[in-house]
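Engineer: work.pdb (PDB, C-alpha atoms) pasted underneath:
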```
ATOM      1  CA  GLU D   1     101.777 112.242  66.061  1.00  0.00           C
ATOM      2  CA  ALA D   2     102.447 108.553  66.652  1.00  0.00           C
ATOM      3  CA  GLY D   3     101.996 107.334  70.192  1.00  0.00           C
ATOM      4  CA  VAL D   4     104.107 105.066  72.347  1.00  0.00           C
ATOM      5  CA  ALA D   5     104.519 101.653  70.732  1.00  0.00           C
ATOM      6  CA  GLN D   6     104.987  98.420  72.638  1.00  0.00           C
ATOM      7  CA  SER D   7     105.423  94.791  71.676  1.00  0.00           C
ATOM      8  CA  PRO D   8     104.433  92.113  72.125  1.00  0.00           C
ATOM      9  CA  ARG D   9     100.912  92.885  73.300  1.00  0.00           C
ATOM     10  CA  TYR D  10     100.520  89.552  75.055  1.00  0.00           C
ATOM     11  CA  LYS D  11     102.965  86.962  76.357  1.00  0.00           C
ATOM     12  CA  ILE D  12     102.443  83.706  78.220  1.00  0.00           C
ATOM     13  CA  ILE D  13     105.451  81.953  79.749  1.00  0.00           C
ATOM     14  CA  GLU D  14     106.156  79.413  82.435  1.00  0.00           C
ATOM     15  CA  LYS D  15     107.841  80.361  85.678  1.00  0.00           C
ATOM     16  CA  ARG D  16     111.620  80.460  85.568  1.00  0.00           C
ATOM     17  CA  GLN D  17     111.574  81.324  81.855  1.00  0.00           C
ATOM     18  CA  SER D  18     112.829  84.649  80.574  1.00  0.00           C
ATOM     19  CA  VAL D  19     110.911  87.306  78.651  1.00  0.00           C
ATOM     20  CA  ALA D  20     111.646  90.670  77.038  1.00  0.00           C
ATOM     21  CA  PHE D  21     109.416  93.615  76.201  1.00  0.00           C
ATOM     22  CA  TRP D  22     110.115  96.392  73.742  1.00  0.00           C
ATOM     23  CA  CYS D  23     109.081 100.051  73.775  1.00  0.00           C
ATOM     24  CA  ASN D  24     109.407 102.856  71.238  1.00  0.00           C
ATOM     25  CA  PRO D  25     108.544 106.249  72.789  1.00  0.00           C
ATOM     26  CA  ILE D  26     107.019 109.281  71.127  1.00  0.00           C
ATOM     27  CA  SER D  27     109.544 110.918  68.841  1.00  0.00           C
ATOM     28  CA  GLY D  28     111.548 113.573  70.647  1.00  0.00           C
ATOM     29  CA  HIS D  29     110.610 112.438  74.149  1.00  0.00           C
ATOM     30  CA  ALA D  30     113.785 112.251  76.194  1.00  0.00           C
ATOM     31  CA  THR D  31     112.255 110.552  79.207  1.00  0.00           C
ATOM     32  CA  LEU D  32     111.015 106.969  79.194  1.00  0.00           C
ATOM     33  CA  TYR D  33     109.313 105.042  81.989  1.00  0.00           C
ATOM     34  CA  TRP D  34     108.461 101.406  82.604  1.00  0.00           C
ATOM     35  CA  TYR D  35     105.532 100.661  84.891  1.00  0.00           C
ATOM     36  CA  GLN D  36     104.096  97.445  86.268  1.00  0.00           C
ATOM     37  CA  GLN D  37     100.310  97.299  86.649  1.00  0.00           C
ATOM     38  CA  ILE D  38      99.006  94.329  88.573  1.00  0.00           C
ATOM     39  CA  LEU D  39      95.314  93.539  88.089  1.00  0.00           C
ATOM     40  CA  GLY D  40      93.151  95.850  90.164  1.00  0.00           C
ATOM     41  CA  GLN D  41      96.004  98.224  91.004  1.00  0.00           C
ATOM     42  CA  GLY D  42      97.394 101.437  89.631  1.00  0.00           C
ATOM     43  CA  PRO D  43     100.651 101.490  87.676  1.00  0.00           C
ATOM     44  CA  LYS D  44     103.832 101.317  89.728  1.00  0.00           C
ATOM     45  CA  LEU D  45     107.025 102.863  88.391  1.00  0.00           C
ATOM     46  CA  LEU D  46     109.828 100.337  87.826  1.00  0.00           C
ATOM     47  CA  ILE D  47     112.468 102.440  86.108  1.00  0.00           C
ATOM     48  CA  GLN D  48     112.912 105.841  84.507  1.00  0.00           C
ATOM     49  CA  PHE D  49     115.413 106.787  81.801  1.00  0.00           C
ATOM     50  CA  GLN D  50     116.520 110.262  80.818  1.00  0.00           C
ATOM     51  CA  ASN D  51     117.938 109.773  77.328  1.00  0.00           C
ATOM     52  CA  ASN D  52     120.019 106.608  77.807  1.00  0.00           C
ATOM     53  CA  GLY D  53     120.806 107.108  81.494  1.00  0.00           C
ATOM     54  CA  VAL D  54     118.894 105.647  84.440  1.00  0.00           C
ATOM     55  CA  VAL D  55     117.330 108.286  86.702  1.00  0.00           C
ATOM     56  CA  ASP D  56     115.431 106.036  89.101  1.00  0.00           C
ATOM     57  CA  ASP D  57     115.365 102.263  89.394  1.00  0.00           C
ATOM     58  CA  SER D  58     114.632 102.092  93.108  1.00  0.00           C
ATOM     59  CA  GLN D  59     111.548  99.898  92.638  1.00  0.00           C
ATOM     60  CA  LEU D  60     113.046  97.574  90.033  1.00  0.00           C
ATOM     61  CA  PRO D  61     113.674  94.027  91.397  1.00  0.00           C
ATOM     62  CA  LYS D  62     117.220  93.989  90.143  1.00  0.00           C
ATOM     63  CA  ASP D  63     117.810  90.338  90.905  1.00  0.00           C
ATOM     64  CA  ARG D  64     115.484  89.412  88.040  1.00  0.00           C
ATOM     65  CA  PHE D  65     114.550  92.550  86.123  1.00  0.00           C
ATOM     66  CA  SER D  66     116.814  94.541  83.840  1.00  0.00           C
ATOM     67  CA  ALA D  67     116.200  97.367  81.402  1.00  0.00           C
ATOM     68  CA  GLU D  68     118.215  99.289  78.902  1.00  0.00           C
ATOM     69  CA  ARG D  69     117.728 102.200  76.552  1.00  0.00           C
ATOM     70  CA  LEU D  70     120.503 102.111  74.044  1.00  0.00           C
ATOM     71  CA  LYS D  71     120.937 105.256  71.917  1.00  0.00           C
ATOM     72  CA  GLY D  72     118.333 107.052  74.024  1.00  0.00           C
ATOM     73  CA  VAL D  73     115.320 105.969  71.979  1.00  0.00           C
ATOM     74  CA  ASP D  74     113.928 102.414  72.150  1.00  0.00           C
ATOM     75  CA  SER D  75     113.999 100.478  75.379  1.00  0.00           C
ATOM     76  CA  THR D  76     113.753  96.845  76.420  1.00  0.00           C
ATOM     77  CA  LEU D  77     112.679  95.434  79.774  1.00  0.00           C
ATOM     78  CA  LYS D  78     113.708  91.887  80.598  1.00  0.00           C
ATOM     79  CA  ILE D  79     112.652  89.468  83.299  1.00  0.00           C
ATOM     80  CA  GLN D  80     114.868  86.486  84.049  1.00  0.00           C
ATOM     81  CA  PRO D  81     113.757  84.209  85.641  1.00  0.00           C
ATOM     82  CA  ALA D  82     110.057  85.020  85.817  1.00  0.00           C
ATOM     83  CA  LYS D  83     107.951  84.313  88.885  1.00  0.00           C
ATOM     84  CA  LEU D  84     104.195  83.832  89.166  1.00  0.00           C
ATOM     85  CA  GLU D  85     103.849  87.226  90.853  1.00  0.00           C
ATOM     86  CA  ASP D  86     105.307  88.927  87.767  1.00  0.00           C
ATOM     87  CA  SER D  87     101.980  88.386  85.982  1.00  0.00           C
ATOM     88  CA  ALA D  88     100.900  91.925  85.168  1.00  0.00           C
ATOM     89  CA  VAL D  89     100.631  94.502  82.420  1.00  0.00           C
ATOM     90  CA  TYR D  90     103.930  96.224  81.684  1.00  0.00           C
ATOM     91  CA  LEU D  91     103.353  99.771  80.534  1.00  0.00           C
ATOM     92  CA  CYS D  92     105.835 102.025  78.842  1.00  0.00           C
ATOM     93  CA  ALA D  93     105.363 105.796  78.990  1.00  0.00           C
ATOM     94  CA  SER D  94     107.319 108.766  77.699  1.00  0.00           C
ATOM     95  CA  SER D  95     107.472 112.490  78.312  1.00  0.00           C
ATOM     96  CA  LEU D  96     109.333 115.438  76.843  1.00  0.00           C
ATOM     97  CA  ASP D  97     111.252 116.040  80.044  1.00  0.00           C
ATOM     98  CA  PRO D  98     111.317 114.591  83.547  1.00  0.00           C
ATOM     99  CA  THR D  99     110.099 117.521  85.569  1.00  0.00           C
ATOM    100  CA  GLY D 100     106.387 117.167  86.074  1.00  0.00           C
ATOM    101  CA  ASP D 101     105.669 116.928  82.374  1.00  0.00           C
ATOM    102  CA  THR D 102     102.775 114.884  81.047  1.00  0.00           C
ATOM    103  CA  GLN D 103     103.447 111.195  80.638  1.00  0.00           C
ATOM    104  CA  TYR D 104     101.947 109.409  77.632  1.00  0.00           C
ATOM    105  CA  PHE D 105     101.369 105.678  77.876  1.00  0.00           C
ATOM    106  CA  GLY D 106     101.592 102.852  75.393  1.00  0.00           C
ATOM    107  CA  PRO D 107      99.025 100.032  75.200  1.00  0.00           C
ATOM    108  CA  GLY D 108     101.048  97.737  77.460  1.00  0.00           C
ATOM    109  CA  THR D 109     102.224  94.142  77.333  1.00  0.00           C
ATOM    110  CA  ARG D 110     100.097  91.675  79.269  1.00  0.00           C
ATOM    111  CA  LEU D 111     102.326  89.006  80.809  1.00  0.00           C
ATOM    112  CA  THR D 112     100.957  85.773  82.215  1.00  0.00           C
ATOM    113  CA  VAL D 113     103.354  83.542  84.119  1.00  0.00           C
ATOM    114  CA  LEU D 114     102.121  79.966  84.595  1.00  0.00           C
TER     115      LEU D 114
ATOM    116  CA  GLN K   1      98.210 104.236 104.892  1.00  0.00           C
ATOM    117  CA  LYS K   2      98.639 104.473 101.135  1.00  0.00           C
ATOM    118  CA  GLU K   3      99.822 107.784  99.732  1.00  0.00           C
ATOM    119  CA  VAL K   4      96.846 107.879  97.364  1.00  0.00           C
ATOM    120  CA  GLU K   5      93.475 106.333  98.123  1.00  0.00           C
ATOM    121  CA  GLN K   6      90.823 105.713  95.496  1.00  0.00           C
ATOM    122  CA  ASP K   7      87.593 103.732  95.759  1.00  0.00           C
ATOM    123  CA  PRO K   8      87.882 100.852  93.272  1.00  0.00           C
ATOM    124  CA  GLY K   9      84.142 100.737  92.593  1.00  0.00           C
ATOM    125  CA  PRO K  10      82.571  99.498  90.430  1.00  0.00           C
ATOM    126  CA  LEU K  11      80.338 102.516  89.994  1.00  0.00           C
ATOM    127  CA  SER K  12      77.277 102.058  87.778  1.00  0.00           C
ATOM    128  CA  VAL K  13      75.265 105.055  86.598  1.00  0.00           C
ATOM    129  CA  PRO K  14      72.550 105.601  83.980  1.00  0.00           C
ATOM    130  CA  GLU K  15      73.391 107.420  80.766  1.00  0.00           C
ATOM    131  CA  GLY K  16      73.205 111.183  81.189  1.00  0.00           C
ATOM    132  CA  ALA K  17      74.056 111.157  84.895  1.00  0.00           C
ATOM    133  CA  ILE K  18      76.714 113.326  86.491  1.00  0.00           C
ATOM    134  CA  VAL K  19      79.580 111.168  87.716  1.00  0.00           C
ATOM    135  CA  SER K  20      81.829 112.115  90.606  1.00  0.00           C
ATOM    136  CA  LEU K  21      85.150 110.325  91.034  1.00  0.00           C
ATOM    137  CA  ASN K  22      87.450 111.080  93.948  1.00  0.00           C
ATOM    138  CA  CYS K  23      90.894 110.513  95.390  1.00  0.00           C
ATOM    139  CA  THR K  24      92.410 111.436  98.710  1.00  0.00           C
ATOM    140  CA  TYR K  25      96.096 111.705  99.432  1.00  0.00           C
ATOM    141  CA  SER K  26      98.417 112.096 102.378  1.00  0.00           C
ATOM    142  CA  ASN K  27     101.523 113.748 100.917  1.00  0.00           C
ATOM    143  CA  SER K  28     101.199 117.526 101.156  1.00  0.00           C
ATOM    144  CA  ALA K  29     104.100 117.929  98.711  1.00  0.00           C
ATOM    145  CA  PHE K  30     101.952 116.824  95.773  1.00  0.00           C
ATOM    146  CA  GLN K  31     101.436 119.732  93.390  1.00  0.00           C
ATOM    147  CA  TYR K  32     100.481 118.122  90.092  1.00  0.00           C
ATOM    148  CA  PHE K  33      97.264 116.171  89.781  1.00  0.00           C
ATOM    149  CA  MET K  34      96.246 114.054  86.823  1.00  0.00           C
ATOM    150  CA  TRP K  35      93.280 111.978  85.787  1.00  0.00           C
ATOM    151  CA  TYR K  36      93.791 109.139  83.339  1.00  0.00           C
ATOM    152  CA  ARG K  37      91.146 107.023  81.636  1.00  0.00           C
ATOM    153  CA  GLN K  38      91.978 103.391  80.940  1.00  0.00           C
ATOM    154  CA  TYR K  39      89.820 101.236  78.720  1.00  0.00           C
ATOM    155  CA  SER K  40      90.030  97.482  79.084  1.00  0.00           C
ATOM    156  CA  ARG K  41      93.277  96.113  77.661  1.00  0.00           C
ATOM    157  CA  LYS K  42      94.554  99.597  76.771  1.00  0.00           C
ATOM    158  CA  GLY K  43      97.120 101.933  78.277  1.00  0.00           C
ATOM    159  CA  PRO K  44      96.080 104.924  80.415  1.00  0.00           C
ATOM    160  CA  GLU K  45      95.078 108.025  78.451  1.00  0.00           C
ATOM    161  CA  LEU K  46      95.513 111.479  79.989  1.00  0.00           C
ATOM    162  CA  LEU K  47      92.213 113.297  80.572  1.00  0.00           C
ATOM    163  CA  MET K  48      93.030 116.196  82.845  1.00  0.00           C
ATOM    164  CA  TYR K  49      96.197 117.776  84.223  1.00  0.00           C
ATOM    165  CA  THR K  50      96.036 120.411  86.947  1.00  0.00           C
ATOM    166  CA  TYR K  51      98.580 122.252  88.997  1.00  0.00           C
ATOM    167  CA  SER K  52      97.916 123.169  92.621  1.00  0.00           C
ATOM    168  CA  SER K  53      94.388 123.972  93.793  1.00  0.00           C
ATOM    169  CA  GLY K  54      91.349 125.032  91.829  1.00  0.00           C
ATOM    170  CA  ASN K  55      89.115 123.856  89.033  1.00  0.00           C
ATOM    171  CA  LYS K  56      89.786 123.000  85.418  1.00  0.00           C
ATOM    172  CA  GLU K  57      87.144 122.289  82.820  1.00  0.00           C
ATOM    173  CA  ASP K  58      87.458 120.528  79.479  1.00  0.00           C
ATOM    174  CA  GLY K  59      84.230 119.731  77.682  1.00  0.00           C
ATOM    175  CA  ARG K  60      82.175 117.378  79.827  1.00  0.00           C
ATOM    176  CA  PHE K  61      85.026 116.906  82.302  1.00  0.00           C
ATOM    177  CA  THR K  62      85.836 119.065  85.328  1.00  0.00           C
ATOM    178  CA  ALA K  63      88.753 118.449  87.661  1.00  0.00           C
ATOM    179  CA  GLN K  64      88.823 119.933  91.142  1.00  0.00           C
ATOM    180  CA  VAL K  65      91.721 120.050  93.567  1.00  0.00           C
ATOM    181  CA  ASP K  66      91.350 120.942  97.230  1.00  0.00           C
ATOM    182  CA  LYS K  67      94.847 120.899  98.683  1.00  0.00           C
ATOM    183  CA  SER K  68      93.651 121.955 102.139  1.00  0.00           C
ATOM    184  CA  SER K  69      91.585 118.770 102.359  1.00  0.00           C
ATOM    185  CA  LYS K  70      94.020 116.670 100.266  1.00  0.00           C
ATOM    186  CA  TYR K  71      91.132 115.724  98.025  1.00  0.00           C
ATOM    187  CA  ILE K  72      90.720 115.730  94.263  1.00  0.00           C
ATOM    188  CA  SER K  73      87.672 115.072  92.138  1.00  0.00           C
ATOM    189  CA  LEU K  74      86.761 114.436  88.532  1.00  0.00           C
ATOM    190  CA  PHE K  75      83.229 115.220  87.396  1.00  0.00           C
ATOM    191  CA  ILE K  76      81.774 113.870  84.171  1.00  0.00           C
ATOM    192  CA  ARG K  77      78.625 115.581  82.941  1.00  0.00           C
ATOM    193  CA  ASP K  78      76.095 113.944  80.633  1.00  0.00           C
ATOM    194  CA  SER K  79      77.852 110.603  80.984  1.00  0.00           C
ATOM    195  CA  GLN K  80      77.853 108.295  77.978  1.00  0.00           C
ATOM    196  CA  PRO K  81      78.290 104.522  77.634  1.00  0.00           C
ATOM    197  CA  SER K  82      81.612 105.310  75.938  1.00  0.00           C
ATOM    198  CA  ASP K  83      82.791 106.760  79.264  1.00  0.00           C
ATOM    199  CA  SER K  84      82.744 103.253  80.736  1.00  0.00           C
ATOM    200  CA  ALA K  85      86.337 102.643  81.768  1.00  0.00           C
ATOM    201  CA  THR K  86      88.662 102.691  84.749  1.00  0.00           C
ATOM    202  CA  TYR K  87      89.623 106.171  85.926  1.00  0.00           C
ATOM    203  CA  LEU K  88      93.012 106.551  87.578  1.00  0.00           C
ATOM    204  CA  CYS K  89      94.127 109.541  89.566  1.00  0.00           C
ATOM    205  CA  ALA K  90      97.850 110.284  89.667  1.00  0.00           C
ATOM    206  CA  MET K  91      99.899 112.827  91.583  1.00  0.00           C
ATOM    207  CA  SER K  92     103.411 114.102  91.741  1.00  0.00           C
ATOM    208  CA  ALA K  93     105.432 116.516  93.812  1.00  0.00           C
ATOM    209  CA  GLY K  94     106.831 118.240  90.735  1.00  0.00           C
ATOM    210  CA  THR K  95     109.129 115.448  89.723  1.00  0.00           C
ATOM    211  CA  TYR K  96     108.755 112.564  87.338  1.00  0.00           C
ATOM    212  CA  LYS K  97     107.489 110.224  90.040  1.00  0.00           C
ATOM    213  CA  TYR K  98     103.763 109.751  89.586  1.00  0.00           C
ATOM    214  CA  ILE K  99     101.878 107.986  92.355  1.00  0.00           C
ATOM    215  CA  PHE K 100      98.716 106.382  91.042  1.00  0.00           C
ATOM    216  CA  GLY K 101      95.498 105.447  92.771  1.00  0.00           C
ATOM    217  CA  THR K 102      94.114 101.973  92.271  1.00  0.00           C
ATOM    218  CA  GLY K 103      91.526 103.237  89.775  1.00  0.00           C
ATOM    219  CA  THR K 104      87.718 103.386  89.889  1.00  0.00           C
ATOM    220  CA  ARG K 105      85.778 101.220  87.454  1.00  0.00           C
ATOM    221  CA  LEU K 106      82.891 103.153  85.930  1.00  0.00           C
ATOM    222  CA  LYS K 107      80.021 101.634  83.976  1.00  0.00           C
ATOM    223  CA  VAL K 108      77.538 103.930  82.251  1.00  0.00           C
ATOM    224  CA  LEU K 109      74.357 102.086  81.410  1.00  0.00           C
ATOM    225  CA  ALA K 110      72.510 102.897  78.169  1.00  0.00           C
TER     226      ALA K 110
END
```
Take the structure in the file and give it back as structure tokens.

Structural biologist:
Amino acid sequence: EAGVAQSPRYKIIEKRQSVAFWCNPISGHATLYWYQQILGQGPKLLIQFQNNGVVDDSQLPKDRFSAERLKGVDSTLKIQPAKLEDSAVYLCASSLDPTGDTQYFGPGTRLTVL
Amino acid sequence: QKEVEQDPGPLSVPEGAIVSLNCTYSNSAFQYFMWYRQYSRKGPELLMYTYSSGNKEDGRFTAQVDKSSKYISLFIRDSQPSDSATYLCAMSAGTYKYIFGTGTRLKVLA
């Protein structure tokens, strides 16, 4: 079974630029999550999708971050404009359903904002 | 006070040692308890998943949950250099929302 795929793996941008990350979840997983993991910290949930609908985006900085999951499969997370404090690893995870089911993580995208 | 507390380490042990990793939490609603292993520059990989209190064993790994003390542990027996990684505990109250600890860096010395 293929795992969660993410691209790019690494990205370096200057502050105020924009950036987008892509995620392809495990086939058949209806629930998709985006996490932010700052160095030395655990992952923090940014947004959760159930199919193509948003379930929770309470911790997403909506003034600069946006995410979509068209057709309920792939998802993109965008930051515009980026700030220095956005430097982190952005992890995508998926699960079969949203109720306490195991979440499987992708390798992450490491973002450096200069 | 953070909802989940985890000693960041680093923890260095010799090969073959028994490793004990721990997390404490404050939210009594947590029912699901997970341990993830994260190698450098990789995503977290699920190691153990337990519901409510008790022990669960899988090979060299044992997870313990003590809900009365709000304390969970992961034991690694016969530790190997390949076990060197960051170990993250995660918890949820039965919903999608996982709360992660900061992770403990483990180094097993050959």

Engineer: Which residue out of K:Tyr51, K:Gln1, K:Glu15, K:Tyr36 has the minimum interatomic distance to Ala93 (chain K) when only C-alpha atoms are used?

Structural biologist: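 Under the stated criterion, the closest residue is K:Tyr51.
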
Engineer: Would you write out, as a PyMOL selection string, every residue that the PyMOL selection byres ((chain K) within 12 of (chain D)) captures in this file?

Structural biologist: chain K and resi 2+4-10+30-51+86-105

Engineer: From the options K:Lys107, K:Arg77, K:Arg60, K:Lys70, which residue's atoms come nearest to Ile18 (chain K), counting only C-alpha atoms?

Structural biologist: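 So, comparing all the options, the nearest one is K:Arg77.
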
Engineer: Any idea what the distance is between CA of Ser84 (chain K) and CA of Gln64 (chain K)?

Structural biologist: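 About the pair CA of Ser84 (chain K) and CA of Gln64 (chain K): they are 20.6 Å apart.
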
Engineer: For region 31-37 of chain K, what centre and edge lengths in Å (one decimal) does the axis-aligned box get once 4 Å is added on each side of all its listed atoms, as AutoDock Vina command-line options?

Structural biologist:
```
--center_x 96.3 --center_y 113.4 --center_z 87.5 --size_x 18.3 --size_y 20.7 --size_z 19.8
```

Engineer: Just how far from CA of Thr112 (chain D) is CA of Trp34 (chain D), in Å to one decimal?

Structural biologist: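 So the answer is 17.3 Å.
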
Engineer: Evaluated on this file, the PyMOL selection byres ((chain D and resi 84) around 8) picks out some residues - which ones are they, written as a VMD selection string?

Structural biologist: chain D and resid 15 82 to 83 85 to 87 112 to 114

Engineer: Closest to Lys78 (chain D) among D:Leu96, D:Leu32, D:Ala2, D:Leu111, using all atoms listed in the file?

Structural biologist: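 Distance minimum relative to Lys78 (chain D) lands on D:Leu111.
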
Engineer: What's around Ser73 (chain K) at 8 Å? Count all atoms listed in the file, leave out sequence neighbours fewer than 4 positions away in its own chain, and write the answer as a PyMOL selection string.

Structural biologist: chain K and resi 20-23+63-65

Engineer: Mind checking which residues fall within 7 Å of Val19 (chain K), counting only C-alpha atoms, ignoring those fewer than 3 positions away in the same chain, and posting them as a short mmCIF file (atom, residue, chain, number, x, y, z; two decimals) with C-alpha atoms, in the frame of the given file?

Structural biologist:
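The resulting file, part14.cif, is shown below:
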```cif
data_model
loop_
_atom_site.label_atom_id
_atom_site.label_comp_id
_atom_site.auth_asym_id
_atom_site.auth_seq_id
_atom_site.Cartn_x
_atom_site.Cartn_y
_atom_site.Cartn_z
CA PHE K 75 83.23 115.22 87.40
CA ILE K 76 81.77 113.87 84.17
CA ARG K 77 78.62 115.58 82.94
CA SER K 79 77.85 110.60 80.98
#
```

Engineer: Could you expand the PyMOL selection byres ((chain K and resi 67) around 10) into the explicit residues it covers here, written as a ChimeraX atom specification?

Structural biologist: /K:24-25,28-31,52-54,64-66,68-72

Engineer: Quick check, in Å to one decimal: how far apart do CA of Phe61 (chain K) and CA of Leu74 (chain K) lie?

Structural biologist: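 Separating CA of Phe61 (chain K) from CA of Leu74 (chain K) is a distance of 6.9 Å.
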
Engineer: My list of candidates is D:Ala88, D:Ile12, D:Ala30, D:Ile47. Which is closest to Glu68 (chain D) when distances are computed with all atoms listed in the file?

Structural biologist: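 So, comparing all the options, the nearest one is D:Ile47.
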
Engineer: Within 7 Å of Ala5 (chain D), counting all atoms listed in the file, which residues qualify if same-chain residues fewer than 3 places away don't, as number ranges by chain?

Structural biologist: D: 23-25, 106

Engineer: Filtering to N, CA and C atoms, could region 18-33 of chain D of the supplied structure be written out as a tab-separated table (two decimals), in the first residue's frame?

Structural biologist:
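Result written to decode_5.tsv:
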```
chain	number	residue	atom	x	y	z
D	18	SER	N	5.22	33.78	-1.80
D	18	SER	CA	4.19	32.77	-1.61
D	18	SER	C	4.76	31.39	-1.91
D	19	VAL	N	4.10	30.37	-1.35
D	19	VAL	CA	4.57	28.99	-1.53
D	19	VAL	C	3.36	28.07	-1.44
D	20	ALA	N	3.44	26.93	-2.13
D	20	ALA	CA	2.35	25.95	-2.09
D	20	ALA	C	2.93	24.56	-1.91
D	21	PHE	N	2.23	23.76	-1.13
D	21	PHE	CA	2.62	22.37	-0.87
D	21	PHE	C	1.50	21.46	-1.35
D	22	TRP	N	1.90	20.28	-1.78
D	22	TRP	CA	0.93	19.33	-2.32
D	22	TRP	C	0.95	18.02	-1.52
D	23	CYS	N	-0.22	17.41	-1.37
D	23	CYS	CA	-0.33	16.15	-0.64
D	23	CYS	C	-1.27	15.21	-1.36
D	24	ASN	N	-0.86	13.95	-1.47
D	24	ASN	CA	-1.73	12.89	-1.98
D	24	ASN	C	-1.88	11.84	-0.89
D	25	PRO	N	-3.08	11.68	-0.32
D	25	PRO	CA	-3.24	10.76	0.82
D	25	PRO	C	-3.25	9.30	0.37
D	26	ILE	N	-3.30	8.42	1.35
D	26	ILE	CA	-3.44	7.00	1.07
D	26	ILE	C	-4.79	6.76	0.39
D	27	SER	N	-4.77	5.92	-0.63
D	27	SER	CA	-5.98	5.66	-1.39
D	27	SER	C	-7.12	5.18	-0.48
D	28	GLY	N	-8.27	5.82	-0.63
D	28	GLY	CA	-9.43	5.42	0.17
D	28	GLY	C	-9.58	6.15	1.49
D	29	HIS	N	-8.57	6.91	1.88
D	29	HIS	CA	-8.66	7.66	3.14
D	29	HIS	C	-9.47	8.93	2.91
D	30	ALA	N	-10.57	9.03	3.65
D	30	ALA	CA	-11.47	10.17	3.46
D	30	ALA	C	-10.99	11.41	4.20
D	31	THR	N	-10.21	11.20	5.22
D	31	THR	CA	-9.82	12.33	6.08
D	31	THR	C	-8.37	12.71	5.84
D	32	LEU	N	-8.13	13.99	5.69
D	32	LEU	CA	-6.79	14.50	5.41
D	32	LEU	C	-6.49	15.65	6.36
D	33	TYR	N	-5.26	15.67	6.85
D	33	TYR	CA	-4.83	16.66	7.84
D	33	TYR	C	-3.55	17.35	7.35
```
